[in-house]
Structure formats: C-alpha cells, structure tokens
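Note: the block below is data07.cif and it holds mmCIF, C-alpha atoms.
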```cif
data_my_file
loop_
_atom_site.label_atom_id
_atom_site.label_comp_id
_atom_site.auth_asym_id
_atom_site.auth_seq_id
_atom_site.Cartn_x
_atom_site.Cartn_y
_atom_site.Cartn_z
CA MET A 1 175.97 37.83 33.79
CA GLY A 2 177.68 34.45 34.30
CA ARG A 3 181.39 33.75 34.03
CA LEU A 4 180.68 31.43 31.10
CA SER A 5 178.56 32.67 28.21
CA ASP A 6 175.79 30.56 26.73
CA ARG A 7 177.64 30.18 23.46
CA ALA A 8 180.85 29.09 25.17
CA PHE A 9 178.86 26.65 27.32
CA GLU A 10 177.28 25.09 24.23
CA ILE A 11 180.67 24.62 22.55
CA LEU A 12 182.25 23.01 25.64
CA ALA A 13 179.18 20.89 26.47
CA ALA A 14 179.13 19.39 22.99
CA GLU A 15 182.78 18.33 23.27
CA VAL A 16 182.30 16.94 26.83
CA LYS A 17 179.40 14.80 25.68
CA ARG A 18 181.41 13.54 22.72
CA LEU A 19 184.39 12.57 24.92
CA GLY A 20 182.17 10.91 27.47
CA GLN A 21 180.67 8.58 24.87
CA ASN A 22 184.05 7.04 23.99
CA ASP A 23 184.90 5.93 27.56
CA PRO A 24 182.73 3.45 29.53
CA ALA A 25 183.75 5.26 32.67
CA GLY A 26 183.33 8.57 31.01
CA ASP A 27 179.77 9.04 32.16
CA VAL A 28 181.00 10.13 35.60
CA SER A 29 183.57 12.48 34.07
CA ARG A 30 180.92 13.90 31.81
CA GLN A 31 178.57 14.59 34.71
CA ILE A 32 181.35 16.26 36.72
CA GLY A 33 182.39 18.36 33.74
CA MET A 34 178.83 19.43 32.98
CA ARG A 35 178.18 20.45 36.59
CA ARG A 36 181.31 22.60 36.60
CA LEU A 37 180.26 24.26 33.33
CA GLU A 38 176.73 24.84 34.58
CA LYS A 39 178.12 26.38 37.75
CA MET A 40 180.35 28.78 35.81
CA ARG A 41 177.49 29.75 33.51
CA SER A 42 175.33 30.81 36.47
CA GLN A 43 178.10 32.22 38.67
CA PRO A 44 178.46 36.02 38.36
CA GLY A 45 181.83 37.60 37.82
CA GLU A 46 184.42 38.16 35.18
CA ARG A 47 184.43 35.89 32.20
CA LEU A 48 186.70 32.83 32.35
CA THR A 49 189.90 32.94 30.38
CA ARG A 50 191.15 30.08 28.19
CA ALA A 51 193.47 28.86 30.94
CA GLU A 52 190.70 28.90 33.53
CA ILE A 53 188.38 26.98 31.19
CA ALA A 54 191.10 24.40 30.58
CA GLY A 55 191.68 24.12 34.35
CA LEU A 56 188.05 23.19 34.85
CA LEU A 57 188.32 20.19 32.55
CA ASP A 58 191.96 19.00 32.65
CA ASP A 59 191.53 16.58 35.51
CA GLN A 60 188.56 14.88 33.91
CA PHE A 61 189.54 15.20 30.24
CA PRO A 62 193.32 15.41 29.90
CA ASN A 63 193.09 15.17 26.09
CA PHE A 64 190.48 17.91 25.63
CA ASN A 65 190.68 19.35 22.11
CA PRO A 66 192.64 22.65 22.25
CA LYS A 67 190.79 24.03 19.20
CA VAL A 68 187.50 23.66 21.05
CA LEU A 69 189.05 25.50 24.01
CA ASP A 70 190.10 28.31 21.63
CA ARG A 71 186.62 28.60 20.19
CA ALA A 72 185.02 28.61 23.63
CA ALA A 73 187.47 31.24 24.88
CA ARG A 74 186.64 33.50 21.95
CA ALA A 75 182.92 33.03 22.47
CA ASN A 76 183.36 33.79 26.18
CA ARG A 77 184.99 37.16 25.65
CA PRO A 78 182.89 40.11 26.88
CA ALA A 79 181.37 42.37 24.18
CA GLY A 80 183.66 45.31 23.40
CA LEU A 81 183.04 48.74 21.92
CA MET A 82 183.10 47.47 18.35
CA SER A 83 180.52 44.86 19.13
CA LYS A 84 178.25 47.46 20.63
CA VAL A 85 178.76 49.68 17.62
CA THR A 86 177.96 46.75 15.36
CA TRP A 87 174.76 46.00 17.21
CA GLY A 88 173.86 49.68 17.23
CA GLY A 89 174.51 49.88 13.50
CA ALA A 90 172.36 46.84 12.90
CA VAL A 91 169.52 48.42 14.85
CA LEU A 92 169.86 51.68 12.96
CA ALA A 93 170.02 49.79 9.67
CA GLY A 94 166.84 47.96 10.59
CA LEU A 95 165.08 51.24 11.40
CA ALA A 96 166.37 52.78 8.18
CA GLY A 97 165.12 49.79 6.25
CA PHE A 98 161.69 50.11 7.82
CA VAL A 99 161.55 53.82 6.95
CA TRP A 100 162.74 53.02 3.43
CA VAL A 101 159.94 50.49 2.99
CA ALA A 102 157.42 53.00 4.33
CA ASN A 103 158.63 55.56 1.76
CA LEU A 104 158.43 53.26 -1.24
CA PRO A 105 156.48 54.92 -4.10
CA TYR A 106 153.46 52.63 -3.83
CA PRO A 107 150.08 54.01 -2.75
CA MET A 108 149.15 50.79 -0.93
CA ILE A 109 152.13 51.37 1.38
CA ARG A 110 152.26 55.14 1.67
CA MET A 111 148.60 55.95 2.10
CA PRO A 112 148.11 53.91 5.29
CA VAL A 113 151.40 55.27 6.66
CA ALA A 114 150.35 58.84 5.81
CA LYS A 115 147.16 58.39 7.82
CA THR A 116 148.61 56.60 10.87
CA ALA A 117 152.29 57.64 11.13
CA PRO A 118 152.93 60.58 8.76
CA LEU A 119 156.31 61.34 10.37
CA LEU A 120 157.71 58.16 8.83
CA LEU A 121 157.18 59.84 5.43
CA LEU A 122 159.43 62.76 6.37
CA PRO A 123 162.06 61.76 3.75
CA SER A 124 159.37 61.71 1.06
CA TYR A 125 158.03 65.10 2.11
CA MET A 126 161.52 66.59 2.10
CA SER A 127 162.17 65.09 -1.33
CA MET A 128 158.84 66.36 -2.64
CA ASP A 129 159.50 69.82 -1.26
CA TYR A 130 163.00 69.95 -2.74
CA ASN A 131 162.07 68.59 -6.16
CA TYR A 132 159.03 70.84 -6.41
CA ARG A 133 161.02 73.97 -5.59
CA ARG A 134 163.83 73.03 -7.98
CA ALA A 135 161.42 72.10 -10.81
CA ILE A 136 159.50 75.39 -10.59
CA ALA A 137 162.69 77.47 -10.35
CA LEU A 138 164.35 75.66 -13.27
CA VAL A 139 161.23 75.92 -15.44
CA GLU A 140 161.14 79.69 -14.91
CA GLN A 141 164.86 80.01 -15.62
CA ALA A 142 164.62 77.88 -18.75
CA ASP A 143 161.60 79.86 -19.97
CA GLN A 144 163.49 83.13 -19.49
CA LEU A 145 166.59 81.87 -21.27
CA VAL A 146 164.71 80.34 -24.21
CA ASN A 147 162.16 83.08 -24.85
CA GLN A 148 164.52 85.97 -24.15
CA ALA A 149 167.60 84.44 -25.77
CA THR A 150 170.18 86.84 -27.15
CA ALA A 151 172.80 84.27 -28.14
CA ALA A 152 173.13 80.57 -28.91
CA GLU A 153 174.70 80.06 -25.48
CA ASP A 154 171.41 81.14 -23.86
CA LEU A 155 169.61 78.39 -25.76
CA ASP A 156 172.15 75.77 -24.68
CA LEU A 157 171.83 76.84 -21.04
CA GLY A 158 168.05 76.90 -21.35
CA ALA A 159 168.08 73.37 -22.76
CA GLU A 160 170.19 72.18 -19.81
CA LYS A 161 167.88 73.80 -17.25
CA SER A 162 164.83 72.37 -19.02
CA ARG A 163 166.38 68.91 -18.86
CA ARG A 164 167.11 69.28 -15.14
CA ALA A 165 163.60 70.59 -14.48
CA GLN A 166 162.20 67.52 -16.21
CA GLN A 167 164.33 65.30 -13.97
CA HIS A 168 162.96 66.96 -10.84
CA LEU A 169 159.39 66.67 -12.14
CA ASP A 170 159.96 62.97 -12.82
CA LYS A 171 160.86 62.53 -9.14
CA LEU A 172 157.58 64.00 -7.90
CA PRO A 173 155.09 61.28 -6.86
CA VAL A 174 152.28 61.67 -9.35
CA TRP A 175 150.05 59.35 -7.34
CA PHE A 176 150.36 61.83 -4.43
CA LEU A 177 148.83 64.72 -6.42
CA GLY A 178 146.34 66.65 -4.35
CA TYR A 179 147.76 65.39 -1.04
CA TYR A 180 148.97 68.08 1.33
CA PRO A 181 151.04 66.95 4.37
CA LYS A 182 149.61 69.36 6.95
CA ALA A 183 151.81 68.27 9.84
CA TYR A 184 155.04 68.55 7.88
CA CYS A 185 154.08 71.84 6.27
CA SER A 186 153.05 73.33 9.62
CA TRP A 187 156.64 72.79 10.79
CA MET A 188 158.55 73.47 7.56
CA GLY A 189 156.32 76.16 5.98
CA CYS A 190 155.60 74.52 2.63
CA THR A 191 154.99 76.92 -0.25
CA TRP A 192 153.61 74.24 -2.53
CA LYS A 193 150.54 72.14 -2.91
CA PHE A 194 150.49 69.40 -5.50
CA THR A 195 147.60 69.57 -7.97
CA LEU A 196 147.10 67.75 -11.25
CA ASP A 197 146.60 71.03 -13.15
CA GLU A 198 149.83 72.48 -11.81
CA TYR A 199 151.75 69.32 -12.57
CA GLU A 200 150.36 69.07 -16.12
CA SER A 201 151.00 72.78 -16.71
CA ALA A 202 154.67 72.37 -15.82
CA ARG A 203 154.93 69.27 -18.01
CA LYS A 204 153.35 71.05 -20.99
CA LYS A 205 155.53 74.10 -20.50
CA ILE A 206 158.66 71.97 -20.57
CA GLY A 207 157.34 70.12 -23.62
CA ARG A 208 156.79 73.39 -25.47
CA MET A 209 160.23 74.60 -24.51
CA GLU A 210 161.84 71.36 -25.66
CA ALA A 211 160.11 71.71 -29.04
CA GLN A 212 161.15 75.35 -29.23
CA ILE A 213 164.73 74.52 -28.29
CA PHE A 214 164.79 71.78 -30.93
CA GLN A 215 163.58 74.26 -33.55
CA GLU A 216 166.08 76.86 -32.40
CA GLN A 217 168.95 74.38 -32.52
CA ASN A 218 167.96 73.29 -36.03
CA ALA A 219 167.78 76.93 -37.09
CA GLN A 220 171.22 77.59 -35.60
CA THR A 221 172.61 74.63 -37.53
CA ALA A 222 171.00 75.88 -40.75
CA LEU A 223 172.34 79.39 -40.12
CA ALA A 224 175.87 78.12 -39.61
CA ALA A 225 175.67 76.05 -42.80
CA ALA A 226 174.26 78.99 -44.81
CA GLU A 227 176.92 81.38 -43.54
CA GLU A 228 179.66 78.91 -44.40
CA ALA A 229 178.19 78.37 -47.88
CA LEU A 230 177.95 82.13 -48.39
CA LYS A 231 181.57 82.60 -47.38
CA LEU A 232 182.78 79.84 -49.72
CA ALA A 233 180.69 81.23 -52.62
CA ARG A 234 182.16 84.71 -52.26
CA GLU A 235 185.67 83.31 -52.14
CA GLN A 236 184.91 81.22 -55.23
CA PHE A 237 183.56 84.28 -57.07
CA ASP A 238 186.57 86.44 -56.17
CA GLY A 239 188.93 83.70 -57.38
CA ALA A 240 187.04 82.78 -60.58
CA ALA A 241 189.27 82.86 -63.69
CA ASP A 242 186.58 82.75 -66.37
CA VAL A 243 182.87 83.15 -66.98
CA THR A 244 182.18 79.52 -66.24
CA GLY A 245 183.80 79.88 -62.84
CA GLU A 246 181.85 83.06 -62.17
CA GLU A 247 178.58 81.41 -63.09
CA ALA A 248 179.28 78.45 -60.79
CA ALA A 249 180.15 80.83 -57.93
CA ILE A 250 176.99 82.89 -58.56
CA GLN A 251 174.85 79.77 -58.43
CA ALA A 252 176.46 78.79 -55.12
CA TRP A 253 175.99 82.36 -53.84
CA GLN A 254 172.32 82.36 -54.79
CA ALA A 255 171.83 78.95 -53.17
CA ALA A 256 173.38 80.25 -49.94
CA ILE A 257 171.02 83.26 -50.00
CA ASP A 258 168.06 80.90 -50.50
CA GLU A 259 169.22 78.92 -47.46
CA LEU A 260 169.22 82.11 -45.39
CA ARG A 261 165.68 82.88 -46.57
CA GLY A 262 164.53 79.42 -45.48
CA ILE A 263 165.45 79.91 -41.80
CA PRO A 264 162.28 80.59 -39.71
CA ARG A 265 162.15 84.28 -38.81
CA GLU A 266 160.56 83.64 -35.40
CA THR A 267 163.75 81.99 -34.17
CA LEU A 268 166.85 83.68 -32.82
CA ALA A 269 168.81 82.32 -35.77
CA GLY A 270 166.11 83.68 -38.10
CA LYS A 271 166.59 87.19 -36.73
CA THR A 272 170.32 86.91 -37.25
CA ALA A 273 169.74 85.42 -40.70
CA GLY A 274 167.53 88.40 -41.63
CA GLN A 275 170.41 90.79 -41.02
CA ALA A 276 172.87 88.55 -42.86
CA LEU A 277 170.40 88.14 -45.74
CA GLU A 278 170.05 91.88 -46.22
CA ALA A 279 173.81 92.29 -46.39
CA ALA A 280 174.25 89.27 -48.67
CA GLU A 281 171.61 90.48 -51.14
CA ARG A 282 173.11 93.96 -51.20
CA ASP A 283 176.57 92.57 -51.96
CA PHE A 284 175.08 90.19 -54.49
CA ARG A 285 173.39 93.03 -56.37
CA GLN A 286 176.44 95.26 -56.26
CA GLU A 287 179.16 92.78 -57.14
CA VAL A 288 177.50 90.21 -59.37
CA GLY A 289 174.24 91.82 -60.39
CA PHE A 290 175.00 91.94 -64.10
CA VAL A 291 176.50 88.47 -64.28
CA ALA A 292 173.80 87.01 -62.09
CA GLY A 293 171.07 88.69 -64.15
CA ARG A 294 172.51 87.38 -67.36
CA LEU A 295 172.83 83.93 -65.86
CA GLN A 296 169.28 84.06 -64.59
CA GLY A 297 167.98 85.22 -67.97
CA ASP A 298 169.97 82.58 -69.82
CA THR A 299 168.66 79.95 -67.43
CA LEU A 300 165.06 81.00 -68.09
CA ILE A 301 165.66 80.99 -71.86
CA GLU A 302 167.26 77.56 -71.64
CA ALA A 303 164.30 76.26 -69.66
CA ALA A 304 161.93 77.74 -72.25
CA GLN A 305 163.85 76.03 -75.03
CA ILE A 306 163.45 72.69 -73.28
CA PHE A 307 159.66 73.06 -73.25
CA ALA A 308 159.67 74.37 -76.85
CA SER A 309 161.70 71.40 -78.03
CA GLN A 310 159.30 69.02 -76.33
CA ALA A 311 156.35 70.82 -77.92
CA ALA A 312 157.92 70.62 -81.38
CA ASN A 313 158.64 66.91 -80.97
CA ASP A 314 155.11 66.18 -79.82
CA ALA A 315 153.64 68.09 -82.79
CA GLN A 316 155.40 65.95 -85.37
CA ASN A 317 153.63 63.34 -87.48
CA PRO A 318 150.09 64.74 -87.38
CA PRO A 319 147.19 64.24 -87.26
CA HIS A 320 146.77 64.09 -83.50
CA THR A 321 143.82 63.97 -81.16
CA ALA A 322 142.52 67.05 -79.38
CA SER A 323 143.99 65.91 -76.05
CA HIS A 324 147.39 65.51 -77.70
CA TRP A 325 147.22 69.03 -79.17
CA ARG A 326 146.28 70.36 -75.74
CA GLN A 327 149.43 68.80 -74.31
CA VAL A 328 151.53 70.41 -77.05
CA LEU A 329 149.79 73.71 -76.31
CA GLN A 330 150.65 73.34 -72.62
CA HIS A 331 154.35 72.89 -73.46
CA TRP A 332 154.27 76.12 -75.50
CA ASP A 333 152.55 77.89 -72.60
CA GLU A 334 155.29 76.72 -70.23
CA ALA A 335 157.99 77.92 -72.62
CA ILE A 336 156.31 81.33 -73.03
CA ALA A 337 155.87 81.67 -69.25
CA ARG A 338 159.63 81.18 -68.74
CA LEU A 339 160.46 83.85 -71.30
CA GLU A 340 158.00 86.31 -69.77
CA GLN A 341 159.87 86.00 -66.45
CA VAL A 342 162.97 87.66 -67.91
CA PRO A 343 162.79 91.28 -66.63
CA ARG A 344 163.26 94.30 -68.89
CA ASP A 345 166.56 95.30 -67.25
CA ASN A 346 168.06 91.83 -67.74
CA PRO A 347 170.94 91.56 -70.25
CA SER A 348 169.16 88.62 -71.90
CA TYR A 349 165.89 90.50 -72.34
CA LEU A 350 166.19 91.03 -76.12
CA ASP A 351 167.04 87.38 -76.74
CA ALA A 352 164.05 86.41 -74.65
CA GLN A 353 161.76 88.72 -76.65
CA LYS A 354 162.89 87.21 -79.96
CA LYS A 355 162.17 83.75 -78.66
CA LEU A 356 158.89 84.95 -77.21
CA ALA A 357 157.64 86.20 -80.60
CA GLU A 358 158.61 82.89 -82.22
CA TYR A 359 156.99 80.78 -79.52
CA GLN A 360 153.78 82.79 -79.49
CA SER A 361 153.49 82.30 -83.27
CA ASN A 362 154.03 78.56 -82.85
CA ARG A 363 151.49 78.46 -80.09
CA GLY A 364 148.95 80.18 -82.31
CA ALA A 365 149.46 77.54 -84.99
CA ILE A 366 148.91 74.76 -82.45
CA GLN A 367 145.83 76.55 -81.15
CA ARG A 368 144.38 76.53 -84.67
CA ARG A 369 145.20 72.85 -85.08
CA LEU A 370 143.41 72.15 -81.81
CA GLU A 371 140.36 74.14 -82.85
CA ASP A 372 140.28 72.40 -86.25
CA GLU A 373 140.49 68.99 -84.59
CA GLU A 374 137.72 69.77 -82.12
CA ALA A 375 135.44 71.26 -84.84
CA SER A 376 136.10 68.34 -87.20
CA VAL A 377 135.27 65.76 -84.54
CA LYS A 378 132.00 67.56 -83.83
CA ALA A 379 131.25 67.71 -87.60
CA ILE A 380 131.81 63.99 -88.10
CA GLU A 381 129.59 63.24 -85.12
CA ARG A 382 126.90 65.56 -86.56
CA SER A 383 127.15 63.93 -89.99
CA GLN A 384 126.78 60.45 -88.53
CA LYS A 385 123.62 61.52 -86.78
CA LEU A 386 122.25 63.00 -90.05
CA ILE A 387 123.12 59.82 -91.95
CA ALA A 388 121.16 57.76 -89.42
CA GLU A 389 118.15 60.09 -89.86
CA TRP A 390 118.43 59.89 -93.67
CA ARG A 391 118.34 56.10 -93.54
CA GLN A 392 115.16 56.22 -91.47
CA LEU A 393 113.57 58.46 -94.11
CA VAL A 394 114.59 56.08 -96.88
CA ASN A 395 112.96 53.17 -95.06
CA SER A 396 109.69 55.05 -94.54
CA GLU A 397 106.59 54.15 -96.67
CA ASN A 398 106.44 57.18 -98.94
CA PRO A 399 109.75 59.03 -98.68
CA SER A 400 109.79 62.52 -100.16
CA LEU A 401 112.49 63.00 -102.77
CA SER A 402 112.95 66.62 -101.84
CA THR A 403 113.31 65.76 -98.20
CA LEU A 404 115.90 63.12 -99.00
CA ASN A 405 117.84 65.57 -101.17
CA GLY A 406 117.70 68.16 -98.41
CA HIS A 407 119.15 65.71 -95.88
CA LEU A 408 121.89 64.66 -98.28
CA ALA A 409 122.78 68.28 -98.89
CA GLU A 410 123.07 68.92 -95.15
CA ILE A 411 125.19 65.76 -94.75
CA ILE A 412 127.52 66.84 -97.58
CA TYR A 413 127.80 70.37 -96.16
CA THR A 414 128.65 69.03 -92.71
CA LEU A 415 131.28 66.61 -94.05
CA GLU A 416 132.86 69.34 -96.16
CA SER A 417 133.47 71.34 -92.94
CA VAL A 418 135.89 68.68 -91.69
CA LYS A 419 139.40 70.20 -91.88
CA PRO A 420 142.32 68.50 -93.65
CA GLY A 421 145.04 67.20 -91.33
CA THR A 422 142.63 66.07 -88.64
CA THR A 423 142.17 62.59 -87.27
CA VAL A 424 138.67 62.27 -88.79
CA ASN A 425 139.47 63.70 -92.23
CA ALA A 426 139.90 60.30 -93.93
CA GLN A 427 136.60 59.10 -92.51
CA ALA A 428 134.91 62.32 -93.61
CA GLN A 429 136.22 62.02 -97.16
CA ASP A 430 134.96 58.47 -97.43
CA LEU A 431 131.48 59.43 -96.20
CA LEU A 432 131.49 62.50 -98.43
CA GLN A 433 132.20 60.42 -101.51
CA LYS A 434 129.35 58.06 -100.67
CA ALA A 435 126.97 60.91 -100.00
CA ARG A 436 127.72 62.60 -103.32
CA HIS A 437 127.36 59.32 -105.17
CA THR A 438 123.97 58.70 -103.53
CA ARG A 439 122.71 62.17 -104.41
CA SER A 440 123.72 61.75 -108.06
CA ASN A 441 121.64 58.55 -108.27
CA LEU A 442 118.46 60.05 -106.82
#
```
Could you write out this file's structure as structure tokens?
Amino acid sequence: MGRLSDRAFEILAAEVKRLGQNDPAGDVSRQIGMRRLEKMRSQPGERLTRAEIAGLLDDQFPNFNPKVLDRAARANRPAGLMSKVTWGGAVLAGLAGFVWVANLPYPMIRMPVAKTAPLLLLPSYMSMDYNYRRAIALVEQADQLVNQATAAEDLDLGAEKSRRAQQHLDKLPVWFLGYYPKAYCSWMGCTWKFTLDEYESARKKIGRMEAQIFQEQNAQTALAAAEEALKLAREQFDGAADVTGEEAAIQAWQAAIDELRGIPRETLAGKTAGQALEAAERDFRQEVGFVAGRLQGDTLIEAAQIFASQAANDAQNPPHTASHWRQVLQHWDEAIARLEQVPRDNPSYLDAQKKLAEYQSNRGAIQRRLEDEEASVKAIERSQKLIAEWRQLVNSENPSLSTLNGHLAEIIYTLESVKPGTTVNAQAQDLLQKARHTRSNL
C-alpha cells in the first residue's frame, strides 16, 4: 500500500496539470511534481499527512490551492473501523438483496433456484412453515369457538381468529402447491405438505365460518333489538293510563314477541331467544291475555268490515258481469275468513258471530246473483243459436209450420229463463218480444 492513495493522487495530479498550463516554464515544475507524486503513490509506508503533501509541492507550486490539499489529505486517510463496517454492511446488503430477489413470489425465479440452490429459499420455507402452522391452528381454534360458542364473546373471538387464519393462508404461495422442500424438511422436520385439496379445504372452511359468523352476528343484533323492544313494551303497558295506551303497548309487546320468533333457532342467539320467547309469551298470556285477546278479536272484526264494505260498494248499481260478481264474492269470503279466526274464548267472539251470520247471508245473495248471471248468459247464447237455426228453416224450400212453431216455442222458453237484473236481461226481453210477435203471425 503506497503512501499516497490513488484517489489522492488523482486530485493532486489534476491540480498540478492545471497550474503547469498557466506558466510557460511550468512544464518542468509539472514534471517534477508528477514524479514526486508517482513516487509517493508507489512507496510503501504510512500515508502522507496534509503537511507532508504540501511539502512535496511547495517549492514548485508556492500558490498551490489549499482546498485541493484538504481534499487530497482526506482522500489519503487510511480506512478506519467505520469504513470497514460500511463496506461490510454494503456486502451484506448486496447478499440480502440477492436472497430477496431469489425469494420473490414468481415461479420463473423460484423454480430454477429451488432446483439448483434450494438453500437460498430458506426464508420462503421458514415463512411457509410458519404460516401453514398458524393457519391450521387458527382454523381449528376458530371452528371450536364458532361451533361450540356459549356466549357472544366466543363468536367475536372466533371471528378474529378466522380473520387471522385467512391472513396466514393468503401468505402461502399458491403457485408452490404440491412442492415439498425435502432438504429443508429433513433438517427442520416439517409436518406439512402443501396440496391443492388441503389448501382449498382450509379456504372453504374459513368461508363457511365467515358466513356462519355473519349470520350469528346478525342474530345477536336482532336478539338485542327484540329484547330492548320487549322491555320498552312492558314498561309502556305498566305505565298505560287508559285502554288506548294499553292497546298500543300490547301491539308493541306482540311485535317484540314476533321479532323473537323470527331469530333463526340454529344460531346461538336463536337458542337464547327461544328461552326469552317462552317467558315473554307466558307473561303476555298472564298479564295482558284478556286485553290482547279483545284487541286481536277487534282487529279481525275491523279487517272483516273493511272487506265487507268493499264488497257492498262493488255490488252497487247492478247488473254486473259474472267476473264482477266473483270479485264481490271473494271480498265476502275474505271478510268471513277474518271472522272465523276469532276463537271461542275471545271476548269479541259474540260480536264476530253476529257479523258472521250477516256476512254469510250477504254472501249467499251474491252467490245467487252470480248463478243467475251465468245461467242467463248461457240462455241468451242458446237462444241466439236457436234463432239462427230457425232462420235457416224459414229459408228452406218447404218449411214445416209445425217445425217452425216448435223452434219458436223453444226460443221463447229459453229467453224466458233469463233472470231479471242480469246484464243480458234487456237483450232477452227484446228478442222475446220479437219471437212472440213472429209466432202470433204464423
């Protein structure tokens, strides 16, 4: 190692050449200076200090730039511990970068490395081993917590473990499925072997658990809402000052009970809701059974009256077609069905029976109107067919008078069967008048 480093030599040589160009006689000084610098660069020993470098050039270049001397002196300092550490760090960083590139999740990189230098993939194998173990363990823990849950906290913890298991599965290299690092596993004792079926099974299991957790969380939310509604309804009933207030509270109470019934029984919340529902229905029957029954009966009667009113309105201003009478009949059927739902032990049962007798009578009247309309329409159609036949007989060469009278009699009989108050009655009366007139002229 020379007393003047290559970098320091380059700095000083550049300045010597520059100074020599400005002086016609400087060529000699430049040659002398360069020889001295060359000698120091090849001479072994301790590195020159700034003063020693300046002493080499002062006699030839009295005005040598001090800044250049400073730069050269710094460049000529021997490498210290920090420099060695820096170089060592750079080397290690380069090796780490090479290993990082070799472990990139791209088959075109990893596959050749796995065949030629599998040890370079040690970080990937360690990551695969760790993520596989954690994924399997977390899936089992999540499955236990979700399917054997005894409280909502178990579901929350199961959801967290399922989420973490999914994260570990996401880190497994899917493109590496089926590959088994024999060298690594012979040293580390791998308990895993990646297969597509195993990977898909874990994915599906987590998917099912996530769906189950979502359903359970929704059921827990519904349970909390139903319990809160039930509590508020009971407080409202206890504080009601009149019948109207009681009826409003009973409706809210019944709605809360219906919400409890709607929670899926296969969920943890559903099992809890089943117990709460049994207690709520028992209290409902005991405390508000009479009021609730009366309210329920009155509600059914009111609903029946709505259908009855619609039926009565639709039946006004006859005659109507058969399809219209069928619609009226359907309204009466709906009204009767509501009244029949009032149980015998309901306080409103007698009122419902009175209405039921009235509505059944009205329905019977509409049924007769429908039958009359349908029969009259068929009669008018039959009469029109007979009239057409009679006209053919009239236009024949030797019509028989008795035959013509017989047809007219059948036409008149058919028209007379048309009921009053039907849509075809006016038409039937007109045809009947003509038929009778024709018969009287025969």
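You can rank A:Asn346, A:Gly274, A:Leu329, A:Asn317 by their closest distance to Leu295 of chain A using all atoms listed in the file, and at the top of that list sits A:Asn346.
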| query | Do you know which residues are at most 10 Å from His324 of chain A counting all atoms listed in the file, after dropping those on the same chain fewer than 4 positions away, and could you put them as a ChimeraX atom specification? | reply | /A:314-315,319-320,328-330,370
| query | Of the candidates A:Asp298, A:Glu228, A:Asp372, A:Glu235, which shows the shortest atom-to-atom distance to Tyr349 of chain A, using all atoms listed in the file? | reply |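 Going through A:Asp298, A:Glu228, A:Asp372, A:Glu235 one by one, the smallest distance to Tyr349 of chain A is for A:Asp298.
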| said: Suppose a student applies the PyMOL selection byres ((chain A and resi 255-271) around 9) to this structure; what residues should they get, written as JSON, numbers by chain? | reply: {"A": [149, 150, 151, 152, 212, 215, 216, 217, 219, 220, 221, 222, 223, 225, 226, 227, 228, 229, 230, 231, 233, 250, 251, 252, 253, 254, 272, 273, 274, 275, 276, 277, 280, 281]}
Given the selection you just returned, output its residues as a file containing C-alpha atoms, formatted as a PDB file, in the coordinates of the input.
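Resulting contents of part_21.pdb:
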```pdb
ATOM      1  CA  ALA A 149     167.600  84.440 -25.770  1.00  0.00           C
ATOM      2  CA  THR A 150     170.180  86.840 -27.150  1.00  0.00           C
ATOM      3  CA  ALA A 151     172.800  84.270 -28.140  1.00  0.00           C
ATOM      4  CA  ALA A 152     173.130  80.570 -28.910  1.00  0.00           C
ATOM      5  CA  GLN A 212     161.150  75.350 -29.230  1.00  0.00           C
ATOM      6  CA  GLN A 215     163.580  74.260 -33.550  1.00  0.00           C
ATOM      7  CA  GLU A 216     166.080  76.860 -32.400  1.00  0.00           C
ATOM      8  CA  GLN A 217     168.950  74.380 -32.520  1.00  0.00           C
ATOM      9  CA  ALA A 219     167.780  76.930 -37.090  1.00  0.00           C
ATOM     10  CA  GLN A 220     171.220  77.590 -35.600  1.00  0.00           C
ATOM     11  CA  THR A 221     172.610  74.630 -37.530  1.00  0.00           C
ATOM     12  CA  ALA A 222     171.000  75.880 -40.750  1.00  0.00           C
ATOM     13  CA  LEU A 223     172.340  79.390 -40.120  1.00  0.00           C
ATOM     14  CA  ALA A 225     175.670  76.050 -42.800  1.00  0.00           C
ATOM     15  CA  ALA A 226     174.260  78.990 -44.810  1.00  0.00           C
ATOM     16  CA  GLU A 227     176.920  81.380 -43.540  1.00  0.00           C
ATOM     17  CA  GLU A 228     179.660  78.910 -44.400  1.00  0.00           C
ATOM     18  CA  ALA A 229     178.190  78.370 -47.880  1.00  0.00           C
ATOM     19  CA  LEU A 230     177.950  82.130 -48.390  1.00  0.00           C
ATOM     20  CA  LYS A 231     181.570  82.600 -47.380  1.00  0.00           C
ATOM     21  CA  ALA A 233     180.690  81.230 -52.620  1.00  0.00           C
ATOM     22  CA  ILE A 250     176.990  82.890 -58.560  1.00  0.00           C
ATOM     23  CA  GLN A 251     174.850  79.770 -58.430  1.00  0.00           C
ATOM     24  CA  ALA A 252     176.460  78.790 -55.120  1.00  0.00           C
ATOM     25  CA  TRP A 253     175.990  82.360 -53.840  1.00  0.00           C
ATOM     26  CA  GLN A 254     172.320  82.360 -54.790  1.00  0.00           C
ATOM     27  CA  THR A 272     170.320  86.910 -37.250  1.00  0.00           C
ATOM     28  CA  ALA A 273     169.740  85.420 -40.700  1.00  0.00           C
ATOM     29  CA  GLY A 274     167.530  88.400 -41.630  1.00  0.00           C
ATOM     30  CA  GLN A 275     170.410  90.790 -41.020  1.00  0.00           C
ATOM     31  CA  ALA A 276     172.870  88.550 -42.860  1.00  0.00           C
ATOM     32  CA  LEU A 277     170.400  88.140 -45.740  1.00  0.00           C
ATOM     33  CA  ALA A 280     174.250  89.270 -48.670  1.00  0.00           C
ATOM     34  CA  GLU A 281     171.610  90.480 -51.140  1.00  0.00           C
TER      35      GLU A 281
END
```
| message | With the PyMOL selection byres ((chain A and resi 380) around 9) as the selection, what would be picked from this file? Answer as a list in words, please. | response | Ala375, Ser376, Val377, Lys378, Ala379, Glu381, Arg382, Ser383, Gln384, Lys385, Thr414, Leu415, Ser417, Val418, Val424, Asn425, Gln427 and Ala428 of chain A
| task | Spell out the residues picked by the PyMOL selection byres ((chain A and resi 32) around 12) here, as a VMD selection string. | result | chain A and resid 13 16 to 17 20 25 to 31 33 to 39 56 to 61
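Our summary of the geometry notes that atom CA of Pro343 of chain A is positioned 20.0 Å from atom CA of Ala308 of chain A.
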| request: Tell me, as a PyMOL selection string, which residues lie within 8 Å of Leu386 of chain A, counting all atoms listed in the file; anything in the same chain fewer than 4 positions away does not count. | output: chain A and resi 382+390+407+410-411
| task | Could you tell me how far atom CA of Arg439 of chain A lies from atom CA of Thr422 of chain A, in Å and to one decimal? | result |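 One can read the atom CA of Arg439 of chain A to atom CA of Thr422 of chain A distance as 25.7 Å.
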| What separation in Å, quoted to one decimal, exists between atom CA of Pro318 of chain A and atom CA of Gly421 of chain A? | 6.9 Å
